[in-house]
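Next comes target.pdb, with PDB, C-alpha atoms and all ligand atoms.
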ATOM      1  CA  MET K   4     -69.184  10.146  45.879
ATOM      2  CA  PRO K   5     -65.713   8.546  45.636
ATOM      3  CA  CYS K   6     -62.964  10.891  46.775
ATOM      4  CA  VAL K   7     -59.328  10.624  45.679
ATOM      5  CA  LEU K   8     -56.564  12.288  47.656
ATOM      6  CA  ILE K   9     -53.488  13.215  45.623
ATOM      7  CA  LEU K  10     -50.490  14.047  47.793
ATOM      8  CA  GLY K  11     -48.737  16.487  45.510
ATOM      9  CA  GLY K  12     -45.840  18.832  44.927
ATOM     10  CA  THR K  13     -44.663  17.276  41.634
ATOM     11  CA  GLY K  14     -45.402  17.521  37.934
ATOM     12  CA  GLU K  15     -46.910  14.045  38.000
ATOM     13  CA  ALA K  16     -49.308  15.086  40.763
ATOM     14  CA  ARG K  17     -50.467  18.053  38.686
ATOM     15  CA  GLU K  18     -50.919  15.864  35.618
ATOM     16  CA  LEU K  19     -52.960  13.367  37.634
ATOM     17  CA  ALA K  20     -55.155  16.116  39.044
ATOM     18  CA  ALA K  21     -55.741  17.522  35.561
ATOM     19  CA  ARG K  22     -56.704  14.088  34.219
ATOM     20  CA  LEU K  23     -58.991  13.243  37.158
ATOM     21  CA  ALA K  24     -60.611  16.660  37.574
ATOM     22  CA  ALA K  25     -62.408  16.115  34.285
ATOM     23  CA  ARG K  26     -64.156  12.950  35.544
ATOM     24  CA  PRO K  27     -67.781  13.439  36.572
ATOM     25  CA  GLY K  28     -68.887  11.873  39.852
ATOM     26  CA  LEU K  29     -65.414  11.952  41.395
ATOM     27  CA  ARG K  30     -64.118  14.345  44.037
ATOM     28  CA  VAL K  31     -60.379  14.989  43.715
ATOM     29  CA  VAL K  32     -58.398  16.792  46.408
ATOM     30  CA  SER K  33     -54.727  17.648  45.878
ATOM     31  CA  THR K  34     -52.631  18.626  48.874
ATOM     32  CA  LEU K  35     -49.395  20.605  49.066
ATOM     33  CA  ALA K  36     -47.034  21.102  51.995
ATOM     34  CA  GLY K  37     -47.084  24.888  51.586
ATOM     35  CA  ARG K  38     -43.303  25.240  51.313
ATOM     36  CA  VAL K  39     -43.234  27.140  48.001
ATOM     37  CA  ARG K  40     -44.461  30.745  48.121
ATOM     38  CA  ALA K  41     -46.214  30.723  44.726
ATOM     39  CA  PRO K  42     -46.751  27.049  43.913
ATOM     40  CA  ARG K  43     -47.963  25.792  40.553
ATOM     41  CA  LEU K  44     -51.473  24.830  41.597
ATOM     42  CA  PRO K  45     -53.061  21.598  40.412
ATOM     43  CA  ALA K  46     -56.478  21.610  38.730
ATOM     44  CA  GLY K  47     -59.460  21.199  41.032
ATOM     45  CA  GLU K  48     -59.718  21.277  44.809
ATOM     46  CA  VAL K  49     -56.453  22.059  46.636
ATOM     47  CA  ARG K  50     -55.584  21.894  50.337
ATOM     48  CA  ILE K  51     -52.363  23.513  51.537
ATOM     49  CA  GLY K  52     -50.491  22.561  54.714
ATOM     50  CA  GLY K  53     -49.538  19.485  56.695
ATOM     51  CA  PHE K  54     -51.960  17.229  58.573
ATOM     52  CA  GLY K  55     -50.072  16.853  61.832
ATOM     53  CA  GLY K  56     -48.479  13.466  61.232
ATOM     54  CA  PRO K  57     -50.045  10.057  60.518
ATOM     55  CA  ALA K  58     -52.791  10.395  63.154
ATOM     56  CA  GLY K  59     -53.837  13.806  61.824
ATOM     57  CA  LEU K  60     -53.860  12.525  58.279
ATOM     58  CA  ALA K  61     -55.924   9.448  59.254
ATOM     59  CA  ALA K  62     -58.471  11.699  60.980
ATOM     60  CA  TRP K  63     -58.642  13.952  57.916
ATOM     61  CA  LEU K  64     -59.079  10.953  55.579
ATOM     62  CA  ARG K  65     -62.045   9.738  57.660
ATOM     63  CA  ALA K  66     -63.612  13.197  57.973
ATOM     64  CA  GLU K  67     -63.416  13.787  54.207
ATOM     65  CA  HIS K  68     -64.553  10.219  53.343
ATOM     66  CA  VAL K  69     -61.508   9.658  51.143
ATOM     67  CA  THR K  70     -61.783   6.405  49.180
ATOM     68  CA  ALA K  71     -58.329   6.225  47.536
ATOM     69  CA  ILE K  72     -54.902   7.794  48.128
ATOM     70  CA  ILE K  73     -52.311   8.465  45.457
ATOM     71  CA  ASP K  74     -48.995   9.541  46.950
ATOM     72  CA  ALA K  75     -47.429  11.507  44.092
ATOM     73  CA  THR K  76     -44.958  13.426  46.261
ATOM     74  CA  HIS K  77     -41.292  13.965  45.433
ATOM     75  CA  PRO K  78     -39.001  10.932  45.965
ATOM     76  CA  PHE K  79     -37.151  12.853  48.700
ATOM     77  CA  ALA K  80     -40.309  13.811  50.634
ATOM     78  CA  ALA K  81     -39.878  10.839  52.974
ATOM     79  CA  ARG K  82     -41.913  12.032  55.954
ATOM     80  CA  ILE K  83     -45.209  12.578  54.152
ATOM     81  CA  SER K  84     -44.859   9.263  52.286
ATOM     82  CA  SER K  85     -44.253   7.380  55.510
ATOM     83  CA  SER K  86     -47.136   9.251  57.146
ATOM     84  CA  ALA K  87     -49.470   8.396  54.246
ATOM     85  CA  ALA K  88     -48.519   4.712  54.349
ATOM     86  CA  ALA K  89     -49.250   4.591  58.080
ATOM     87  CA  ALA K  90     -52.567   6.442  57.735
ATOM     88  CA  ALA K  91     -53.644   4.213  54.835
ATOM     89  CA  ALA K  92     -52.857   1.106  56.896
ATOM     90  CA  GLU K  93     -54.769   2.484  59.877
ATOM     91  CA  THR K  94     -57.873   3.460  57.898
ATOM     92  CA  GLY K  95     -57.828   0.601  55.354
ATOM     93  CA  ILE K  96     -58.066   3.087  52.474
ATOM     94  CA  PRO K  97     -56.373   1.771  49.291
ATOM     95  CA  MET K  98     -53.148   3.597  48.476
ATOM     96  CA  ILE K  99     -50.603   3.654  45.694
ATOM     97  CA  LEU K 100     -47.224   5.339  45.552
ATOM     98  CA  LEU K 101     -46.470   7.053  42.242
ATOM     99  CA  ARG K 102     -42.705   7.292  42.097
ATOM    100  CA  ARG K 103     -40.886   8.220  38.919
ATOM    101  CA  PRO K 104     -37.771   6.112  38.271
ATOM    102  CA  GLY K 105     -34.420   7.477  39.363
ATOM    103  CA  TRP K 106     -31.808   8.612  36.857
ATOM    104  CA  THR K 107     -29.387   6.131  35.284
ATOM    105  CA  ALA K 108     -25.815   6.959  34.302
ATOM    106  CA  VAL K 109     -24.833   6.439  30.670
ATOM    107  CA  ALA K 110     -21.457   6.240  28.930
ATOM    108  CA  GLY K 111     -19.467   9.404  29.607
ATOM    109  CA  ASP K 112     -21.049  10.089  33.001
ATOM    110  CA  ASP K 113     -18.865  10.396  36.116
ATOM    111  CA  TRP K 114     -21.337  10.036  38.986
ATOM    112  CA  ARG K 115     -20.377   9.651  42.627
ATOM    113  CA  TRP K 116     -23.251   8.285  44.737
ATOM    114  CA  VAL K 117     -23.677   9.432  48.331
ATOM    115  CA  ASP K 118     -26.319   8.795  50.994
ATOM    116  CA  SER K 119     -26.824  12.329  52.260
ATOM    117  CA  LEU K 120     -26.070  16.010  51.711
ATOM    118  CA  LEU K 121     -23.426  15.826  54.439
ATOM    119  CA  ASP K 122     -21.739  12.972  52.568
ATOM    120  CA  ALA K 123     -21.875  15.137  49.420
ATOM    121  CA  ALA K 124     -20.209  18.000  51.295
ATOM    122  CA  ALA K 125     -17.484  15.617  52.515
ATOM    123  CA  LEU K 126     -16.397  15.030  48.890
ATOM    124  CA  LEU K 127     -15.529  18.734  48.566
ATOM    125  CA  PRO K 128     -13.249  20.407  47.678
ATOM    126  CA  ALA K 129     -11.568  17.257  46.265
ATOM    127  CA  ALA K 130     -14.398  16.726  43.741
ATOM    128  CA  GLY K 131     -14.573  20.406  42.786
ATOM    129  CA  ARG K 132     -14.077  23.981  43.971
ATOM    130  CA  ARG K 133     -16.922  25.606  42.028
ATOM    131  CA  ALA K 134     -20.051  23.569  42.686
ATOM    132  CA  PHE K 135     -23.472  23.873  41.070
ATOM    133  CA  LEU K 136     -25.744  22.943  43.990
ATOM    134  CA  THR K 137     -29.283  21.987  42.930
ATOM    135  CA  THR K 138     -30.481  20.046  45.962
ATOM    136  CA  GLY K 139     -33.038  22.631  47.072
ATOM    137  CA  ARG K 140     -33.107  25.320  49.722
ATOM    138  CA  GLN K 141     -33.620  22.858  52.573
ATOM    139  CA  GLY K 142     -30.357  21.288  53.642
ATOM    140  CA  LEU K 143     -27.973  24.072  52.593
ATOM    141  CA  ALA K 144     -26.674  23.977  56.175
ATOM    142  CA  SER K 145     -24.880  20.765  55.210
ATOM    143  CA  PHE K 146     -22.470  22.911  53.173
ATOM    144  CA  VAL K 147     -21.593  25.598  55.750
ATOM    145  CA  ASP K 148     -18.283  23.954  56.644
ATOM    146  CA  VAL K 149     -16.907  23.799  53.105
ATOM    147  CA  PRO K 150     -14.891  27.047  52.938
ATOM    148  CA  ASP K 151     -12.745  26.066  49.966
ATOM    149  CA  THR K 152     -15.614  25.537  47.522
ATOM    150  CA  TRP K 153     -17.720  28.296  45.971
ATOM    151  CA  PHE K 154     -21.378  27.382  45.319
ATOM    152  CA  LEU K 155     -23.849  28.350  42.644
ATOM    153  CA  VAL K 156     -27.069  27.599  44.577
ATOM    154  CA  ARG K 157     -30.244  27.254  42.525
ATOM    155  CA  CYS K 158     -33.617  26.953  44.228
ATOM    156  CA  VAL K 159     -37.236  28.066  43.799
ATOM    157  CA  ASP K 160     -37.590  30.318  46.863
ATOM    158  CA  PRO K 161     -34.952  32.206  48.888
ATOM    159  CA  PRO K 162     -33.300  29.945  51.449
ATOM    160  CA  THR K 163     -33.578  30.573  55.172
ATOM    161  CA  GLY K 164     -31.096  29.304  57.735
ATOM    162  CA  PRO K 165     -27.362  28.716  57.541
ATOM    163  CA  LEU K 166     -25.722  29.053  54.104
ATOM    164  CA  PRO K 167     -22.359  28.129  52.574
ATOM    165  CA  PRO K 168     -19.878  30.951  53.228
ATOM    166  CA  ARG K 169     -19.106  31.572  49.533
ATOM    167  CA  MET K 170     -22.078  31.332  47.211
ATOM    168  CA  HIS K 171     -24.206  32.961  44.524
ATOM    169  CA  LEU K 172     -27.981  32.467  44.718
ATOM    170  CA  LEU K 173     -30.073  31.861  41.628
ATOM    171  CA  LEU K 174     -33.858  31.739  42.065
ATOM    172  CA  ASP K 175     -35.406  29.714  39.261
ATOM    173  CA  ARG K 176     -37.514  26.658  38.605
ATOM    174  CA  GLY K 177     -37.527  24.123  35.790
ATOM    175  CA  PRO K 178     -37.981  22.851  33.265
ATOM    176  CA  TYR K 179     -34.455  23.599  32.043
ATOM    177  CA  THR K 180     -32.756  23.078  28.659
ATOM    178  CA  VAL K 181     -29.346  21.582  27.932
ATOM    179  CA  ASP K 182     -28.241  24.792  26.189
ATOM    180  CA  GLY K 183     -29.341  26.873  29.163
ATOM    181  CA  GLU K 184     -27.561  24.600  31.640
ATOM    182  CA  LEU K 185     -24.373  24.544  29.527
ATOM    183  CA  SER K 186     -24.312  28.306  29.347
ATOM    184  CA  LEU K 187     -24.997  28.687  33.087
ATOM    185  CA  MET K 188     -22.343  26.173  34.105
ATOM    186  CA  THR K 189     -19.633  27.509  31.792
ATOM    187  CA  SER K 190     -20.290  31.164  32.595
ATOM    188  CA  HIS K 191     -19.847  30.449  36.318
ATOM    189  CA  GLY K 192     -16.835  28.183  35.831
ATOM    190  CA  VAL K 193     -18.634  25.273  37.515
ATOM    191  CA  ASP K 194     -16.451  22.172  37.926
ATOM    192  CA  VAL K 195     -18.818  19.836  39.850
ATOM    193  CA  LEU K 196     -22.595  19.314  39.961
ATOM    194  CA  ILE K 197     -24.396  18.263  43.159
ATOM    195  CA  THR K 198     -27.928  16.916  42.793
ATOM    196  CA  LYS K 199     -30.481  14.604  44.350
ATOM    197  CA  ASP K 200     -31.577  11.584  42.314
ATOM    198  CA  SER K 201     -34.959  13.191  41.667
ATOM    199  CA  GLY K 202     -35.480  11.478  38.315
ATOM    200  CA  GLY K 203     -37.754  12.739  35.532
ATOM    201  CA  ASP K 204     -37.213  14.926  32.491
ATOM    202  CA  LEU K 205     -37.937  18.392  33.893
ATOM    203  CA  THR K 206     -34.553  18.833  35.598
ATOM    204  CA  SER K 207     -32.336  16.275  33.838
ATOM    205  CA  ALA K 208     -30.719  18.757  31.401
ATOM    206  CA  LYS K 209     -28.015  19.545  33.988
ATOM    207  CA  LEU K 210     -26.869  15.906  33.839
ATOM    208  CA  THR K 211     -26.492  16.067  30.063
ATOM    209  CA  ALA K 212     -24.628  19.357  30.405
ATOM    210  CA  ALA K 213     -22.269  17.856  33.010
ATOM    211  CA  ARG K 214     -21.589  14.914  30.665
ATOM    212  CA  ILE K 215     -20.839  17.234  27.740
ATOM    213  CA  LEU K 216     -18.496  19.327  29.898
ATOM    214  CA  GLY K 217     -16.839  16.222  31.402
ATOM    215  CA  LEU K 218     -17.750  17.276  34.963
ATOM    216  CA  PRO K 219     -18.243  14.954  37.922
ATOM    217  CA  VAL K 220     -21.715  14.684  39.441
ATOM    218  CA  ILE K 221     -22.284  14.039  43.149
ATOM    219  CA  MET K 222     -25.617  12.218  43.227
ATOM    220  CA  VAL K 223     -27.565  11.905  46.491
ATOM    221  CA  ARG K 224     -29.333   8.546  46.756
ATOM    222  CA  ARG K 225     -33.086   8.475  47.441
ATOM    223  CA  PRO K 226     -34.403   7.641  50.882
ATOM    224  CA  PRO K 227     -36.152   4.256  51.049
ATOM    225  CA  ALA K 228     -39.767   4.231  49.858
ATOM    226  CA  PRO K 229     -42.460   2.946  52.230
ATOM    227  CA  ALA K 230     -43.603  -0.648  51.707
ATOM    228  CA  VAL K 231     -46.765   0.078  49.709
ATOM    229  CA  PRO K 232     -47.720  -0.814  46.118
ATOM    230  CA  MET K 233     -45.793   1.402  43.714
ATOM    231  CA  VAL K 234     -46.186   2.526  40.087
ATOM    232  CA  ALA K 235     -43.865   4.639  37.944
ATOM    233  CA  THR K 236     -46.190   6.640  35.699
ATOM    234  CA  VAL K 237     -49.373   8.691  35.795
ATOM    235  CA  GLU K 238     -50.942   6.228  33.341
ATOM    236  CA  GLU K 239     -50.276   3.312  35.703
ATOM    237  CA  ALA K 240     -51.706   5.255  38.638
ATOM    238  CA  LEU K 241     -54.906   5.905  36.662
ATOM    239  CA  THR K 242     -55.163   2.203  35.765
ATOM    240  CA  TRP K 243     -54.718   1.302  39.456
ATOM    241  CA  LEU K 244     -57.496   3.730  40.376
ATOM    242  CA  ASP K 245     -59.843   2.295  37.750
ATOM    243  CA  ASN K 246     -59.187  -1.241  39.019
ATOM    244  CA  SER K 247     -59.281  -0.434  42.729
ATOM    245  CA  SER K 248     -62.427  -0.656  44.785
ATOM    246  CA  ALA K 249     -62.342   3.145  45.304
TER     247      ALA K 249
HETATM  248  P1  LIG H 301     -41.459  15.889  53.908
HETATM  249  O1  LIG H 301     -40.219  16.137  54.653
HETATM  250  O2  LIG H 301     -41.823  14.494  53.569
HETATM  251  O3  LIG H 301     -42.707  16.513  54.650
HETATM  252  C1  LIG H 301     -42.633  17.317  55.791
HETATM  253  C2  LIG H 301     -44.030  17.591  56.267
HETATM  254  O4  LIG H 301     -44.707  18.479  55.355
HETATM  255  C3  LIG H 301     -44.894  16.339  56.293
HETATM  256  O5  LIG H 301     -44.683  15.614  57.465
HETATM  257  C4  LIG H 301     -46.275  16.924  56.160
HETATM  258  O6  LIG H 301     -46.708  17.538  57.379
HETATM  259  C5  LIG H 301     -46.068  18.063  55.190
HETATM  260  N1  LIG H 301     -46.267  17.663  53.781
HETATM  261  C6  LIG H 301     -45.318  17.284  52.878
HETATM  262  N2  LIG H 301     -45.848  17.077  51.684
HETATM  263  C7  LIG H 301     -47.172  17.325  51.808
HETATM  264  C8  LIG H 301     -48.243  17.295  50.894
HETATM  265  N3  LIG H 301     -48.076  16.982  49.589
HETATM  266  N4  LIG H 301     -49.495  17.599  51.353
HETATM  267  C9  LIG H 301     -49.675  17.938  52.651
HETATM  268  N5  LIG H 301     -48.682  18.001  53.565
HETATM  269  C10 LIG H 301     -47.444  17.700  53.145
HETATM  270  O7  LIG H 301     -41.488  16.724  52.542
HETATM  271  P2  LIG H 301     -40.484  17.836  51.964
HETATM  272  O8  LIG H 301     -39.261  17.154  51.488
HETATM  273  O9  LIG H 301     -40.413  18.963  52.940
HETATM  274  O10 LIG H 301     -41.323  18.277  50.681
HETATM  275  C11 LIG H 301     -42.471  19.075  50.835
HETATM  276  C12 LIG H 301     -43.265  19.050  49.543
HETATM  277  O11 LIG H 301     -42.467  19.536  48.473
HETATM  278  C13 LIG H 301     -43.777  17.683  49.131
HETATM  279  O12 LIG H 301     -45.138  17.806  48.816
HETATM  280  C14 LIG H 301     -42.948  17.291  47.923
HETATM  281  O13 LIG H 301     -43.717  16.571  46.975
HETATM  282  C15 LIG H 301     -42.485  18.640  47.386
HETATM  283  N6  LIG H 301     -41.121  18.594  46.832
HETATM  284  C16 LIG H 301     -40.095  18.158  47.609
HETATM  285  C17 LIG H 301     -38.807  18.110  47.081
HETATM  286  C18 LIG H 301     -37.645  17.593  47.898
HETATM  287  O14 LIG H 301     -36.515  17.580  47.363
HETATM  288  N7  LIG H 301     -37.842  17.155  49.138
HETATM  289  C19 LIG H 301     -38.593  18.533  45.756
HETATM  290  C20 LIG H 301     -39.671  18.981  44.992
HETATM  291  C21 LIG H 301     -40.938  19.013  45.550
HETATM  292  P3  LIG H 301     -47.582  16.759  58.466
HETATM  293  O15 LIG H 301     -46.694  15.737  59.083
HETATM  294  O16 LIG H 301     -47.993  17.856  59.390
HETATM  295  O17 LIG H 301     -48.738  16.118  57.741
END
Just give me the structure of the file as structure tokens.
Ligand code: NAP
Amino acid sequence: MPCVLILGGTGEARELAARLAARPGLRVVSTLAGRVRAPRLPAGEVRIGGFGGPAGLAAWLRAEHVTAIIDATHPFAARISSSAAAAAAETGIPMILLRRPGWTAVAGDDWRWVDSLLDAAALLPAAGRRAFLTTGRQGLASFVDVPDTWFLVRCVDPPTGPLPPRMHLLLDRGPYTVDGELSLMTSHGVDVLITKDSGGDLTSAKLTAARILGLPVIMVRRPPAPAVPMVATVEEALTWLDNSSA
């Protein structure tokens, strides 16, 4: 029986799993890193935890007789995407990268692009002294040496490791609304938003809110994607699967 591996952790990965789980004669396995304590689980078979790098993933692909790989991980999950590209090349299993487009600034936006969280931190406090930090719980250590900026940190699970000295923690997960983001940002007196260029609709309300409030946005650029065929939507990934030899 053909077997599709969906590398997950995104809304698109869950949508793909839901669409494919209904197909008879197809085994679908979704995998998650295991970072989130209570993840939203995709439909069908789910495996949680890493593979042990490209060699471990290649061995797993062979053992499970995987016939196609769809990498639907988050645009900032660079290690697993690179690992999947290497394992696909080693095993000869067809692979596609499903990567939603990044966000695009429109009239009224004041975005400052940076290459890393440390580069984002270096723009503070000049860019703002009350920052809404939505880059996730990993990487908060990049902001430990920014004593003159207070942070509203929003993430899904409690962070571990070094934290900014002055901060308020908000545990929440999207999707978010523009009204909700406006109210959150005004009630905390936020004057700058820091985000990764994750793309997609589920978390873009903060960008609209920043535009309405006239606030600058520090936008962290995506890491480079591996050199494998890429599509932007779930629909295109399904078409690729139908046309592939898998
Ligand atoms: P990462 O740095 O690329 O991955 C670190 C390690 O975690 C990988 O080397 C791999 O371990 C394991 N791993 C990651 N994704 C996996 C998956 N889908 N299935 C099985 N193992 C996986 O990734 P990350 O940035 O820590 O993100 C972890 C997960 O959270 C990803 O699945 C991603 O889609 C999701 N996510 C990430 C972000 C973000 O901002 N980075 C945001 C939302 C969701 P081995 O090397 O041992 O195989």
key: Nearest to ligand LIG 301 (chain H) by atom-to-atom distance, counting all atoms listed in the file, from K:Asp200, K:Asp122, K:Glu18, K:Asp194   =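 Under the stated criterion, the closest residue is K:Asp200.
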ask   = Which residues, written as a list in words, have at least one atom at most 12 Å from Ser190 of chain K, with all atoms listed in the file counted and residues fewer than 4 positions away on the same chain left out?
value =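 Within the cut-off, the hits are Arg133, Phe135, Leu155, Gly183, Glu184, Leu185, Ser186 and Asp194 of chain K.
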inquiry  = as a PyMOL selection string, please: the residues near Ala213 of chain K (cut-off 8 Å, all atoms listed in the file, same-chain neighbours under 3 positions excluded).
reply    = chain K and resi 112+185+195-196+209-210+216-220
Could those selected residues go to a file with C-alpha atoms, as a compact mmCIF listing (two decimals), in the coordinates of the input?
# COMPACT_ATOMS: atom_id res chain seq x y z
CA ASP K 112 -21.05 10.09 33.00
CA LEU K 185 -24.37 24.54 29.53
CA VAL K 195 -18.82 19.84 39.85
CA LEU K 196 -22.60 19.31 39.96
CA LYS K 209 -28.02 19.55 33.99
CA LEU K 210 -26.87 15.91 33.84
CA LEU K 216 -18.50 19.33 29.90
CA GLY K 217 -16.84 16.22 31.40
CA LEU K 218 -17.75 17.28 34.96
CA PRO K 219 -18.24 14.95 37.92
CA VAL K 220 -21.72 14.68 39.44
List the residues matched by the PyMOL selection byres (((not hetatm)) within 6 of (chain H and resi 301)) in the displayed structure as a short mmCIF file (atom, residue, chain, number, x, y, z; two decimals) with C-alpha atoms, in the frame of the given file, ordered by chain and then by residue number.
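What landed in part_8.cif:
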data_model
loop_
_atom_site.label_atom_id
_atom_site.label_comp_id
_atom_site.auth_asym_id
_atom_site.auth_seq_id
_atom_site.Cartn_x
_atom_site.Cartn_y
_atom_site.Cartn_z
CA LEU K 10 -50.49 14.05 47.79
CA GLY K 11 -48.74 16.49 45.51
CA GLY K 12 -45.84 18.83 44.93
CA THR K 13 -44.66 17.28 41.63
CA THR K 34 -52.63 18.63 48.87
CA LEU K 35 -49.40 20.60 49.07
CA ALA K 36 -47.03 21.10 52.00
CA GLY K 52 -50.49 22.56 54.71
CA GLY K 53 -49.54 19.48 56.70
CA PHE K 54 -51.96 17.23 58.57
CA GLY K 55 -50.07 16.85 61.83
CA GLY K 56 -48.48 13.47 61.23
CA THR K 76 -44.96 13.43 46.26
CA HIS K 77 -41.29 13.96 45.43
CA PHE K 79 -37.15 12.85 48.70
CA ALA K 80 -40.31 13.81 50.63
CA ALA K 81 -39.88 10.84 52.97
CA ARG K 82 -41.91 12.03 55.95
CA ILE K 83 -45.21 12.58 54.15
#
Nearby residues (all atoms listed in the file) at most 9 Å from Gly192 of chain K, same-chain spacing under 4 positions excluded, as a ChimeraX atom specification = /K:133-134,187-188
